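Trainee: Data file target_24.txt (compact mmCIF, N, CA and C atoms) is appended below.
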# COMPACT_ATOMS: atom_id res chain seq x y z
N MET E 1 49.05 45.44 49.85
CA MET E 1 49.47 44.57 48.77
C MET E 1 48.41 44.55 47.67
N LYS E 2 47.12 44.43 48.05
CA LYS E 2 46.05 44.42 47.06
C LYS E 2 46.01 45.74 46.30
N LYS E 3 46.25 46.83 47.02
CA LYS E 3 46.23 48.15 46.39
C LYS E 3 47.37 48.26 45.37
N MET E 4 48.54 47.75 45.70
CA MET E 4 49.68 47.78 44.80
C MET E 4 49.41 46.94 43.55
N MET E 5 48.80 45.76 43.71
CA MET E 5 48.46 44.90 42.58
C MET E 5 47.45 45.60 41.66
N MET E 6 46.50 46.27 42.26
CA MET E 6 45.49 46.98 41.48
C MET E 6 46.14 48.11 40.68
N VAL E 7 47.04 48.86 41.28
CA VAL E 7 47.73 49.95 40.60
C VAL E 7 48.55 49.40 39.44
N MET E 8 49.25 48.29 39.65
CA MET E 8 50.06 47.70 38.59
C MET E 8 49.17 47.18 37.46
N THR E 9 48.05 46.58 37.77
CA THR E 9 47.13 46.08 36.75
C THR E 9 46.59 47.22 35.90
N VAL E 10 46.20 48.31 36.54
CA VAL E 10 45.70 49.48 35.81
C VAL E 10 46.80 50.05 34.92
N ALA E 11 48.02 50.11 35.42
CA ALA E 11 49.14 50.64 34.63
C ALA E 11 49.40 49.77 33.41
N VAL E 12 49.42 48.46 33.60
CA VAL E 12 49.66 47.55 32.48
C VAL E 12 48.54 47.66 31.45
N LEU E 13 47.30 47.71 31.92
CA LEU E 13 46.18 47.86 30.98
C LEU E 13 46.27 49.18 30.22
N GLY E 14 46.68 50.22 30.89
CA GLY E 14 46.82 51.53 30.23
C GLY E 14 47.88 51.48 29.15
N ILE E 15 49.01 50.88 29.44
CA ILE E 15 50.09 50.77 28.46
C ILE E 15 49.63 49.91 27.28
N CYS E 16 48.99 48.80 27.55
CA CYS E 16 48.52 47.91 26.48
C CYS E 16 47.51 48.63 25.59
N SER E 17 46.62 49.41 26.17
CA SER E 17 45.63 50.11 25.35
C SER E 17 46.28 51.20 24.52
N MET E 18 47.33 51.86 25.03
CA MET E 18 48.03 52.87 24.23
C MET E 18 48.74 52.22 23.05
N VAL E 19 49.37 51.08 23.26
CA VAL E 19 50.04 50.37 22.17
C VAL E 19 49.02 49.93 21.13
N TYR E 20 47.90 49.41 21.57
CA TYR E 20 46.84 48.97 20.67
C TYR E 20 46.33 50.13 19.84
N MET E 21 46.06 51.26 20.46
CA MET E 21 45.54 52.43 19.75
C MET E 21 46.56 52.96 18.74
N ALA E 22 47.82 52.96 19.10
CA ALA E 22 48.86 53.43 18.18
C ALA E 22 48.92 52.53 16.95
N ASN E 23 48.85 51.23 17.15
CA ASN E 23 48.87 50.29 16.03
C ASN E 23 47.61 50.41 15.19
N ALA E 24 46.47 50.62 15.82
CA ALA E 24 45.22 50.76 15.10
C ALA E 24 45.24 52.01 14.22
N GLN E 25 45.82 53.10 14.72
CA GLN E 25 45.92 54.32 13.93
C GLN E 25 46.85 54.11 12.75
N ASP E 26 47.97 53.42 12.94
CA ASP E 26 48.89 53.14 11.85
C ASP E 26 48.22 52.32 10.76
N ALA E 27 47.39 51.38 11.15
CA ALA E 27 46.73 50.51 10.18
C ALA E 27 45.73 51.29 9.33
N LYS E 28 45.15 52.37 9.87
CA LYS E 28 44.14 53.14 9.16
C LYS E 28 44.74 54.17 8.21
N VAL E 29 46.02 54.48 8.34
CA VAL E 29 46.64 55.49 7.49
C VAL E 29 46.71 54.96 6.07
N GLU E 30 46.06 55.67 5.16
CA GLU E 30 46.09 55.29 3.76
C GLU E 30 46.96 56.27 3.01
N LYS E 31 47.77 55.74 2.12
CA LYS E 31 48.60 56.60 1.28
C LYS E 31 47.70 57.32 0.29
N LYS E 32 47.93 58.60 0.12
CA LYS E 32 47.19 59.37 -0.87
C LYS E 32 47.71 59.02 -2.25
N THR E 33 46.78 58.96 -3.20
CA THR E 33 47.15 58.63 -4.56
C THR E 33 46.69 59.73 -5.52
N VAL E 34 47.24 59.69 -6.72
CA VAL E 34 46.89 60.61 -7.79
C VAL E 34 46.60 59.77 -9.03
N THR E 35 45.48 60.06 -9.69
CA THR E 35 45.11 59.35 -10.91
C THR E 35 45.21 60.32 -12.08
N LYS E 36 45.88 59.88 -13.13
CA LYS E 36 46.11 60.74 -14.29
C LYS E 36 45.85 59.96 -15.57
N GLU E 37 45.00 60.53 -16.44
CA GLU E 37 44.79 59.92 -17.75
C GLU E 37 45.97 60.31 -18.63
N ILE E 38 46.73 59.31 -19.05
CA ILE E 38 47.92 59.56 -19.84
C ILE E 38 47.56 59.73 -21.32
N ASN E 39 46.67 58.89 -21.80
CA ASN E 39 46.16 58.99 -23.17
C ASN E 39 44.82 58.25 -23.23
N GLU E 40 44.28 58.06 -24.42
CA GLU E 40 42.94 57.48 -24.54
C GLU E 40 42.88 56.02 -24.08
N TRP E 41 43.99 55.32 -24.02
CA TRP E 41 43.96 53.90 -23.64
C TRP E 41 44.55 53.62 -22.26
N CYS E 42 45.11 54.63 -21.59
CA CYS E 42 45.84 54.36 -20.35
C CYS E 42 45.63 55.44 -19.29
N THR E 43 45.17 55.02 -18.12
CA THR E 43 45.06 55.89 -16.95
C THR E 43 45.91 55.26 -15.85
N VAL E 44 46.71 56.09 -15.17
CA VAL E 44 47.66 55.59 -14.18
C VAL E 44 47.37 56.21 -12.81
N THR E 45 47.39 55.37 -11.78
CA THR E 45 47.26 55.84 -10.39
C THR E 45 48.56 55.55 -9.67
N THR E 46 49.14 56.60 -9.09
CA THR E 46 50.42 56.49 -8.39
C THR E 46 50.27 57.06 -6.98
N PRO E 47 51.25 56.81 -6.12
CA PRO E 47 51.22 57.50 -4.83
C PRO E 47 51.42 59.00 -5.05
N GLU E 48 50.89 59.80 -4.16
CA GLU E 48 51.09 61.25 -4.24
C GLU E 48 52.58 61.58 -4.09
N ASN E 49 53.26 60.79 -3.25
CA ASN E 49 54.70 60.91 -3.04
C ASN E 49 55.18 59.62 -2.39
N ALA E 50 56.50 59.46 -2.33
CA ALA E 50 57.06 58.24 -1.74
C ALA E 50 58.44 58.55 -1.18
N LYS E 51 58.97 57.58 -0.42
CA LYS E 51 60.33 57.68 0.12
C LYS E 51 61.12 56.45 -0.32
N VAL E 52 62.43 56.64 -0.42
CA VAL E 52 63.31 55.51 -0.70
C VAL E 52 63.05 54.46 0.37
N GLY E 53 62.91 53.22 -0.03
CA GLY E 53 62.60 52.12 0.88
C GLY E 53 61.14 51.72 0.86
N ASP E 54 60.25 52.62 0.40
CA ASP E 54 58.83 52.31 0.30
C ASP E 54 58.59 51.28 -0.80
N THR E 55 57.54 50.49 -0.63
CA THR E 55 57.02 49.68 -1.71
C THR E 55 55.79 50.42 -2.21
N VAL E 56 55.82 50.79 -3.49
CA VAL E 56 54.74 51.58 -4.07
C VAL E 56 53.93 50.75 -5.05
N GLU E 57 52.66 51.12 -5.20
CA GLU E 57 51.78 50.48 -6.16
C GLU E 57 51.48 51.45 -7.30
N ILE E 58 51.61 50.95 -8.50
CA ILE E 58 51.23 51.69 -9.69
C ILE E 58 50.06 50.93 -10.30
N LYS E 59 48.90 51.58 -10.38
CA LYS E 59 47.73 50.94 -10.99
C LYS E 59 47.56 51.49 -12.39
N VAL E 60 47.41 50.57 -13.34
CA VAL E 60 47.25 50.93 -14.74
C VAL E 60 45.88 50.45 -15.19
N ALA E 61 45.03 51.40 -15.61
CA ALA E 61 43.71 51.06 -16.14
C ALA E 61 43.76 51.19 -17.65
N LEU E 62 43.44 50.11 -18.33
CA LEU E 62 43.44 50.07 -19.78
C LEU E 62 42.02 50.22 -20.32
N LYS E 63 41.91 50.89 -21.46
CA LYS E 63 40.60 51.07 -22.08
C LYS E 63 40.74 50.89 -23.59
N GLY E 64 40.05 49.90 -24.11
CA GLY E 64 39.98 49.69 -25.55
C GLY E 64 41.25 49.21 -26.21
N VAL E 65 42.09 48.48 -25.48
CA VAL E 65 43.32 47.98 -26.11
C VAL E 65 43.02 46.69 -26.90
N LYS E 66 43.87 46.42 -27.87
CA LYS E 66 43.72 45.20 -28.66
C LYS E 66 44.29 44.03 -27.85
N ALA E 67 43.41 43.11 -27.47
CA ALA E 67 43.80 41.95 -26.67
C ALA E 67 43.64 40.69 -27.51
N PRO E 68 44.38 39.64 -27.19
CA PRO E 68 45.29 39.50 -26.05
C PRO E 68 46.64 40.19 -26.33
N THR E 69 47.26 40.61 -25.24
CA THR E 69 48.58 41.22 -25.29
C THR E 69 49.19 41.12 -23.90
N LYS E 70 50.33 41.72 -23.73
CA LYS E 70 50.95 41.80 -22.41
C LYS E 70 51.14 43.26 -22.05
N LEU E 71 51.01 43.56 -20.77
CA LEU E 71 51.19 44.91 -20.23
C LEU E 71 52.43 44.91 -19.35
N SER E 72 53.29 45.89 -19.58
CA SER E 72 54.49 46.04 -18.76
C SER E 72 54.52 47.43 -18.15
N CYS E 73 55.14 47.52 -16.99
CA CYS E 73 55.33 48.80 -16.32
C CYS E 73 56.74 48.82 -15.74
N HIS E 74 57.50 49.82 -16.12
CA HIS E 74 58.84 50.04 -15.60
C HIS E 74 58.85 51.38 -14.88
N LEU E 75 59.78 51.54 -13.96
CA LEU E 75 59.98 52.85 -13.33
C LEU E 75 61.33 53.39 -13.78
N HIS E 76 61.31 54.63 -14.20
CA HIS E 76 62.52 55.38 -14.50
C HIS E 76 62.56 56.53 -13.51
N PHE E 77 63.63 57.32 -13.51
CA PHE E 77 63.66 58.44 -12.58
C PHE E 77 64.20 59.70 -13.22
N GLN E 78 63.78 60.82 -12.60
CA GLN E 78 64.26 62.13 -13.00
C GLN E 78 65.13 62.69 -11.90
N LYS E 79 66.08 63.51 -12.31
CA LYS E 79 66.93 64.23 -11.36
C LYS E 79 66.37 65.63 -11.17
N GLU E 80 66.97 66.35 -10.26
CA GLU E 80 66.59 67.74 -10.01
C GLU E 80 66.65 68.50 -11.33
N GLY E 81 65.66 69.34 -11.59
CA GLY E 81 65.62 70.10 -12.84
C GLY E 81 64.98 69.35 -13.99
N GLY E 82 64.51 68.12 -13.76
CA GLY E 82 63.81 67.36 -14.79
C GLY E 82 64.70 66.52 -15.69
N GLU E 83 65.99 66.51 -15.43
CA GLU E 83 66.92 65.71 -16.24
C GLU E 83 66.64 64.21 -16.05
N TYR E 84 66.67 63.46 -17.17
CA TYR E 84 66.46 62.01 -17.10
C TYR E 84 67.59 61.37 -16.30
N GLY E 85 67.23 60.55 -15.33
CA GLY E 85 68.23 59.91 -14.49
C GLY E 85 68.57 58.49 -14.89
N GLY E 86 67.59 57.76 -15.43
CA GLY E 86 67.84 56.39 -15.84
C GLY E 86 66.74 55.44 -15.41
N PHE E 87 67.02 54.18 -15.62
CA PHE E 87 66.10 53.10 -15.27
C PHE E 87 66.14 52.87 -13.76
N TRP E 88 64.98 52.64 -13.14
CA TRP E 88 64.93 52.40 -11.70
C TRP E 88 64.56 50.95 -11.39
N ALA E 89 63.42 50.49 -11.88
CA ALA E 89 62.96 49.14 -11.54
C ALA E 89 61.93 48.66 -12.56
N PHE E 90 61.71 47.36 -12.60
CA PHE E 90 60.67 46.82 -13.47
C PHE E 90 59.88 45.76 -12.73
N ALA E 91 58.71 45.48 -13.25
CA ALA E 91 57.87 44.40 -12.75
C ALA E 91 57.61 43.46 -13.92
N PRO E 92 57.39 42.20 -13.66
CA PRO E 92 57.10 41.27 -14.75
C PRO E 92 55.85 41.68 -15.52
N ALA E 93 55.84 41.44 -16.81
CA ALA E 93 54.68 41.73 -17.65
C ALA E 93 53.50 40.86 -17.22
N VAL E 94 52.29 41.39 -17.43
CA VAL E 94 51.08 40.64 -17.10
C VAL E 94 50.26 40.43 -18.38
N ASP E 95 49.51 39.35 -18.40
CA ASP E 95 48.65 39.05 -19.54
C ASP E 95 47.40 39.91 -19.51
N VAL E 96 47.05 40.45 -20.66
CA VAL E 96 45.82 41.23 -20.83
C VAL E 96 44.91 40.42 -21.75
N ALA E 97 43.81 39.94 -21.20
CA ALA E 97 42.92 39.07 -21.96
C ALA E 97 41.74 39.81 -22.58
N ALA E 98 41.42 41.01 -22.06
CA ALA E 98 40.28 41.78 -22.55
C ALA E 98 40.71 43.21 -22.83
N ALA E 99 39.90 43.93 -23.58
CA ALA E 99 40.23 45.29 -24.00
C ALA E 99 40.31 46.28 -22.84
N ASP E 100 39.58 46.03 -21.76
CA ASP E 100 39.55 46.92 -20.60
C ASP E 100 39.96 46.14 -19.36
N GLY E 101 40.61 46.82 -18.43
CA GLY E 101 40.98 46.17 -17.17
C GLY E 101 41.95 47.03 -16.39
N THR E 102 42.08 46.71 -15.11
CA THR E 102 43.00 47.44 -14.23
C THR E 102 44.00 46.45 -13.65
N PHE E 103 45.27 46.85 -13.66
CA PHE E 103 46.37 45.99 -13.23
C PHE E 103 47.23 46.77 -12.24
N THR E 104 47.78 46.06 -11.26
CA THR E 104 48.60 46.68 -10.22
C THR E 104 50.02 46.13 -10.29
N PHE E 105 50.98 47.05 -10.29
CA PHE E 105 52.40 46.70 -10.27
C PHE E 105 53.00 47.25 -8.98
N LYS E 106 53.87 46.46 -8.33
CA LYS E 106 54.50 46.89 -7.09
C LYS E 106 56.01 47.01 -7.29
N PHE E 107 56.56 48.10 -6.73
CA PHE E 107 57.99 48.36 -6.82
C PHE E 107 58.51 48.78 -5.46
N THR E 108 59.68 48.28 -5.09
CA THR E 108 60.37 48.77 -3.90
C THR E 108 61.43 49.75 -4.36
N LEU E 109 61.37 50.94 -3.80
CA LEU E 109 62.25 52.02 -4.24
C LEU E 109 63.60 51.95 -3.52
N VAL E 110 64.60 51.45 -4.23
CA VAL E 110 65.96 51.43 -3.72
C VAL E 110 66.58 52.79 -4.00
N GLU E 111 67.63 53.13 -3.28
CA GLU E 111 68.24 54.44 -3.47
C GLU E 111 68.91 54.53 -4.84
N LYS E 112 68.66 55.64 -5.52
CA LYS E 112 69.29 55.96 -6.80
C LYS E 112 69.88 57.36 -6.66
N GLU E 113 71.14 57.49 -6.94
CA GLU E 113 71.82 58.77 -6.80
C GLU E 113 71.13 59.85 -7.63
N GLY E 114 70.69 60.92 -6.97
CA GLY E 114 70.11 62.07 -7.65
C GLY E 114 68.63 61.95 -7.96
N ALA E 115 67.99 60.83 -7.65
CA ALA E 115 66.57 60.64 -7.99
C ALA E 115 65.69 61.55 -7.13
N VAL E 116 64.81 62.31 -7.79
CA VAL E 116 63.84 63.14 -7.07
C VAL E 116 62.40 62.82 -7.50
N LYS E 117 62.23 62.16 -8.66
CA LYS E 117 60.90 61.77 -9.13
C LYS E 117 60.97 60.39 -9.76
N ALA E 118 59.92 59.61 -9.54
CA ALA E 118 59.76 58.32 -10.22
C ALA E 118 58.80 58.55 -11.39
N VAL E 119 59.10 57.93 -12.53
CA VAL E 119 58.28 58.08 -13.72
C VAL E 119 57.91 56.70 -14.25
N PRO E 120 56.63 56.32 -14.14
CA PRO E 120 56.21 55.03 -14.71
C PRO E 120 56.24 55.09 -16.25
N THR E 121 56.73 54.03 -16.85
CA THR E 121 56.68 53.86 -18.30
C THR E 121 55.86 52.60 -18.55
N ILE E 122 54.78 52.75 -19.29
CA ILE E 122 53.84 51.67 -19.51
C ILE E 122 53.87 51.31 -20.99
N PHE E 123 53.85 50.01 -21.29
CA PHE E 123 53.80 49.62 -22.69
C PHE E 123 53.09 48.29 -22.89
N LEU E 124 52.54 48.14 -24.08
CA LEU E 124 51.89 46.91 -24.52
C LEU E 124 52.81 46.23 -25.52
N SER E 125 52.81 44.90 -25.46
CA SER E 125 53.69 44.13 -26.34
C SER E 125 53.19 42.69 -26.39
N PRO E 126 53.30 42.03 -27.52
CA PRO E 126 52.84 40.64 -27.58
C PRO E 126 53.63 39.70 -26.67
N ASP E 127 54.90 40.04 -26.39
CA ASP E 127 55.73 39.17 -25.56
C ASP E 127 56.23 39.84 -24.27
N GLY E 128 55.81 41.06 -24.01
CA GLY E 128 56.22 41.76 -22.79
C GLY E 128 57.56 42.46 -22.91
N GLU E 129 58.16 42.45 -24.09
CA GLU E 129 59.47 43.06 -24.30
C GLU E 129 59.34 44.44 -24.93
N TRP E 130 60.19 45.37 -24.48
CA TRP E 130 60.19 46.74 -24.98
C TRP E 130 60.44 46.77 -26.50
N THR E 131 61.32 45.92 -26.98
CA THR E 131 61.68 45.94 -28.40
C THR E 131 60.53 45.58 -29.33
N SER E 132 59.50 44.92 -28.81
CA SER E 132 58.36 44.55 -29.65
C SER E 132 57.08 45.31 -29.24
N LYS E 133 57.25 46.45 -28.59
CA LYS E 133 56.09 47.21 -28.10
C LYS E 133 55.18 47.64 -29.25
N THR E 134 53.88 47.64 -28.96
CA THR E 134 52.88 48.10 -29.93
C THR E 134 52.31 49.45 -29.52
N ALA E 135 52.48 49.83 -28.26
CA ALA E 135 52.04 51.13 -27.75
C ALA E 135 52.80 51.40 -26.46
N ASN E 136 53.07 52.67 -26.19
CA ASN E 136 53.73 53.00 -24.93
C ASN E 136 53.38 54.43 -24.51
N CYS E 137 53.54 54.69 -23.22
CA CYS E 137 53.35 56.03 -22.67
C CYS E 137 54.15 56.14 -21.38
N ALA E 138 54.49 57.36 -21.05
CA ALA E 138 55.22 57.63 -19.80
C ALA E 138 54.54 58.82 -19.13
N GLY E 139 54.56 58.82 -17.84
CA GLY E 139 53.97 59.95 -17.14
C GLY E 139 53.46 59.58 -15.78
N ALA E 140 52.67 60.45 -15.19
CA ALA E 140 52.15 60.30 -13.84
C ALA E 140 53.28 60.20 -12.83
N GLU E 141 54.32 61.03 -13.06
CA GLU E 141 55.48 61.00 -12.16
C GLU E 141 55.08 61.46 -10.76
N PHE E 142 55.87 61.02 -9.77
CA PHE E 142 55.62 61.40 -8.39
C PHE E 142 56.95 61.63 -7.67
N PRO E 143 56.97 62.58 -6.72
CA PRO E 143 58.21 62.88 -6.01
C PRO E 143 58.63 61.75 -5.09
N VAL E 144 59.96 61.59 -4.97
CA VAL E 144 60.55 60.58 -4.07
C VAL E 144 61.62 61.26 -3.25
N THR E 145 61.54 61.08 -1.92
CA THR E 145 62.54 61.64 -1.02
C THR E 145 63.30 60.53 -0.34
N LYS E 146 64.41 60.90 0.31
CA LYS E 146 65.21 59.91 1.02
C LYS E 146 64.68 59.68 2.40
Is it possible to give me this structure as structure tokens?
Mentor:
Amino acid sequence: MKKMMMVMTVAVLGICSMVYMANAQDAKVEKKTVTKEINEWCTVTTPENAKVGDTVEIKVALKGVKAPTKLSCHLHFQKEGGEYGGFWAFAPAVDVAAADGTFTFKFTLVEKEGAVKAVPTIFLSPDGEWTSKTANCAGAEFPVTK
């Protein structure tokens, strides 16, 4: 009986340690990113790639912008062959109080028919609206799979 209890204890401990190690490895996996200078005032960091259902972070580093203003980031998408697919998602505008700074926008990628790339569109505006933009840029696209 003691031998059986010892065998069961060792088995349970082994299973628990395997589960712990698997979770620890998952926690250490970092998504690869790509940083691209779009123009003299905007550098964008995106995931190297993403899948539908992922929540992705787009980091926008501003340099020498006229502040105060608001910064907006929208996601659009491209279809196979580079054809414009349409609007994908937006995040609320953020206040920019100084000429330089880095801001992070998060988007959850819902399925869009024909989407193969996400394209961030970044713009500055006094009220956060596209119609009153004072500067804009698009780029740093990244592939998206299903």
Trainee: What does the distance from atom CA of E:Lys63 to atom C of E:Glu48 come to in Å, to one decimal?
Mentor: 24.0 Å
Trainee: Excluding E:Lys117 and its own-chain neighbours fewer than 5 positions away, which residues fall within 8 Å of it when counting all atoms listed in the file? Please give them as JSON, numbers by chain.
Mentor: {"E": [76, 77, 78, 79, 80, 141, 142, 143, 144, 145]}
Trainee: Please report, as lines of an AutoDock Vina configuration file, the centre and edge lengths in Å to one decimal of an axis-aligned box covering all listed atoms of stretch 136-140 of chain E with 3 Å per side.
Mentor:
center_x = 53.7
center_y = 56.6
center_z = -19.5
size_x = 9.1
size_y = 13.8
size_z = 19.4
Trainee: Rank nothing, just name the residue among E:Val94, E:Val44, E:Ile38, E:Val52 nearest to E:Glu111, using all atoms listed in the file.
Mentor: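 The closest residue to E:Glu111 is E:Val52.
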Trainee: Select, from E:Ser72, E:Phe103, E:Gly85, E:Ala97, the residue with the minimum atom-to-atom distance to E:Val60, counting all atoms listed in the file.
Mentor: E:Phe103
Trainee: Give me, as a PyMOL selection string, the residues of stretch 17-106 of chain E that a backbone DSSP run labels strand (DSSP E).
Mentor: chain E and resi 33-39+42-47+50-51+55-62+69-79+84-90+94-96+101-106
Trainee: Using Å and a single decimal, report how far atom CA of E:Thr43 sits from atom CA of E:Thr55.
Mentor: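 The value is 20.3 Å.
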Trainee: Out of E:Ala93, E:Cys42, E:Cys137, E:Val116, which residue has the shortest atom-to-atom distance to E:Lys70 when counting all atoms listed in the file?
Mentor: E:Ala93
Trainee: Using all atoms listed in the file, determine which residues lie at most 7 Å from E:Gly64, disregarding the query and same-chain residues fewer than 2 positions distant; provide the list as a short mmCIF file (atom, residue, chain, number, x, y, z; two decimals) with N, CA and C atoms, keeping the file's coordinate frame.
Mentor:
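The resulting file, selection39.cif, is shown below:
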data_model
loop_
_atom_site.label_atom_id
_atom_site.label_comp_id
_atom_site.auth_asym_id
_atom_site.auth_seq_id
_atom_site.Cartn_x
_atom_site.Cartn_y
_atom_site.Cartn_z
N GLU E 40 44.28 58.06 -24.42
CA GLU E 40 42.94 57.48 -24.54
C GLU E 40 42.88 56.02 -24.08
N TRP E 41 43.99 55.32 -24.02
CA TRP E 41 43.96 53.90 -23.64
C TRP E 41 44.55 53.62 -22.26
N LEU E 62 43.44 50.11 -18.33
CA LEU E 62 43.44 50.07 -19.78
C LEU E 62 42.02 50.22 -20.32
N LYS E 66 43.87 46.42 -27.87
CA LYS E 66 43.72 45.20 -28.66
C LYS E 66 44.29 44.03 -27.85
N ALA E 67 43.41 43.11 -27.47
CA ALA E 67 43.80 41.95 -26.67
C ALA E 67 43.64 40.69 -27.51
N ALA E 98 41.42 41.01 -22.06
CA ALA E 98 40.28 41.78 -22.55
C ALA E 98 40.71 43.21 -22.83
N ALA E 99 39.90 43.93 -23.58
CA ALA E 99 40.23 45.29 -24.00
C ALA E 99 40.31 46.28 -22.84
N ASP E 100 39.58 46.03 -21.76
CA ASP E 100 39.55 46.92 -20.60
C ASP E 100 39.96 46.14 -19.36
N GLY E 101 40.61 46.82 -18.43
CA GLY E 101 40.98 46.17 -17.17
C GLY E 101 41.95 47.03 -16.39
#
Trainee: Could you tell me how far atom C of E:Thr121 sits from atom N of E:Lys36, in Å to one decimal place?
Mentor: 13.5 Å
Trainee: Can you list, as a PyMOL selection string, every protein, DNA or RNA residue that comes within 6 Å of E:Lys32 when you count all atoms listed in the file, leaving out same-chain residues fewer than 6 positions away?
Mentor: chain E and resi 46-49
Trainee: List the spatial neighbours of E:His74 as an MDAnalysis selection string - criterion: any atom at most 12 Å away, only C-alpha atoms, same-chain residues fewer than 3 positions off excluded.
Mentor: chainID E and resid 57:58 60 71 77 86:93 105:108 118:124 128:130 136:139 141
Trainee: Counting only C-alpha atoms, which residue out of E:Cys73, E:Val56, E:Ala140, E:Val96 sits closest to E:Pro126?
Mentor: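 Among the listed residues, E:Val96 lies closest to E:Pro126.
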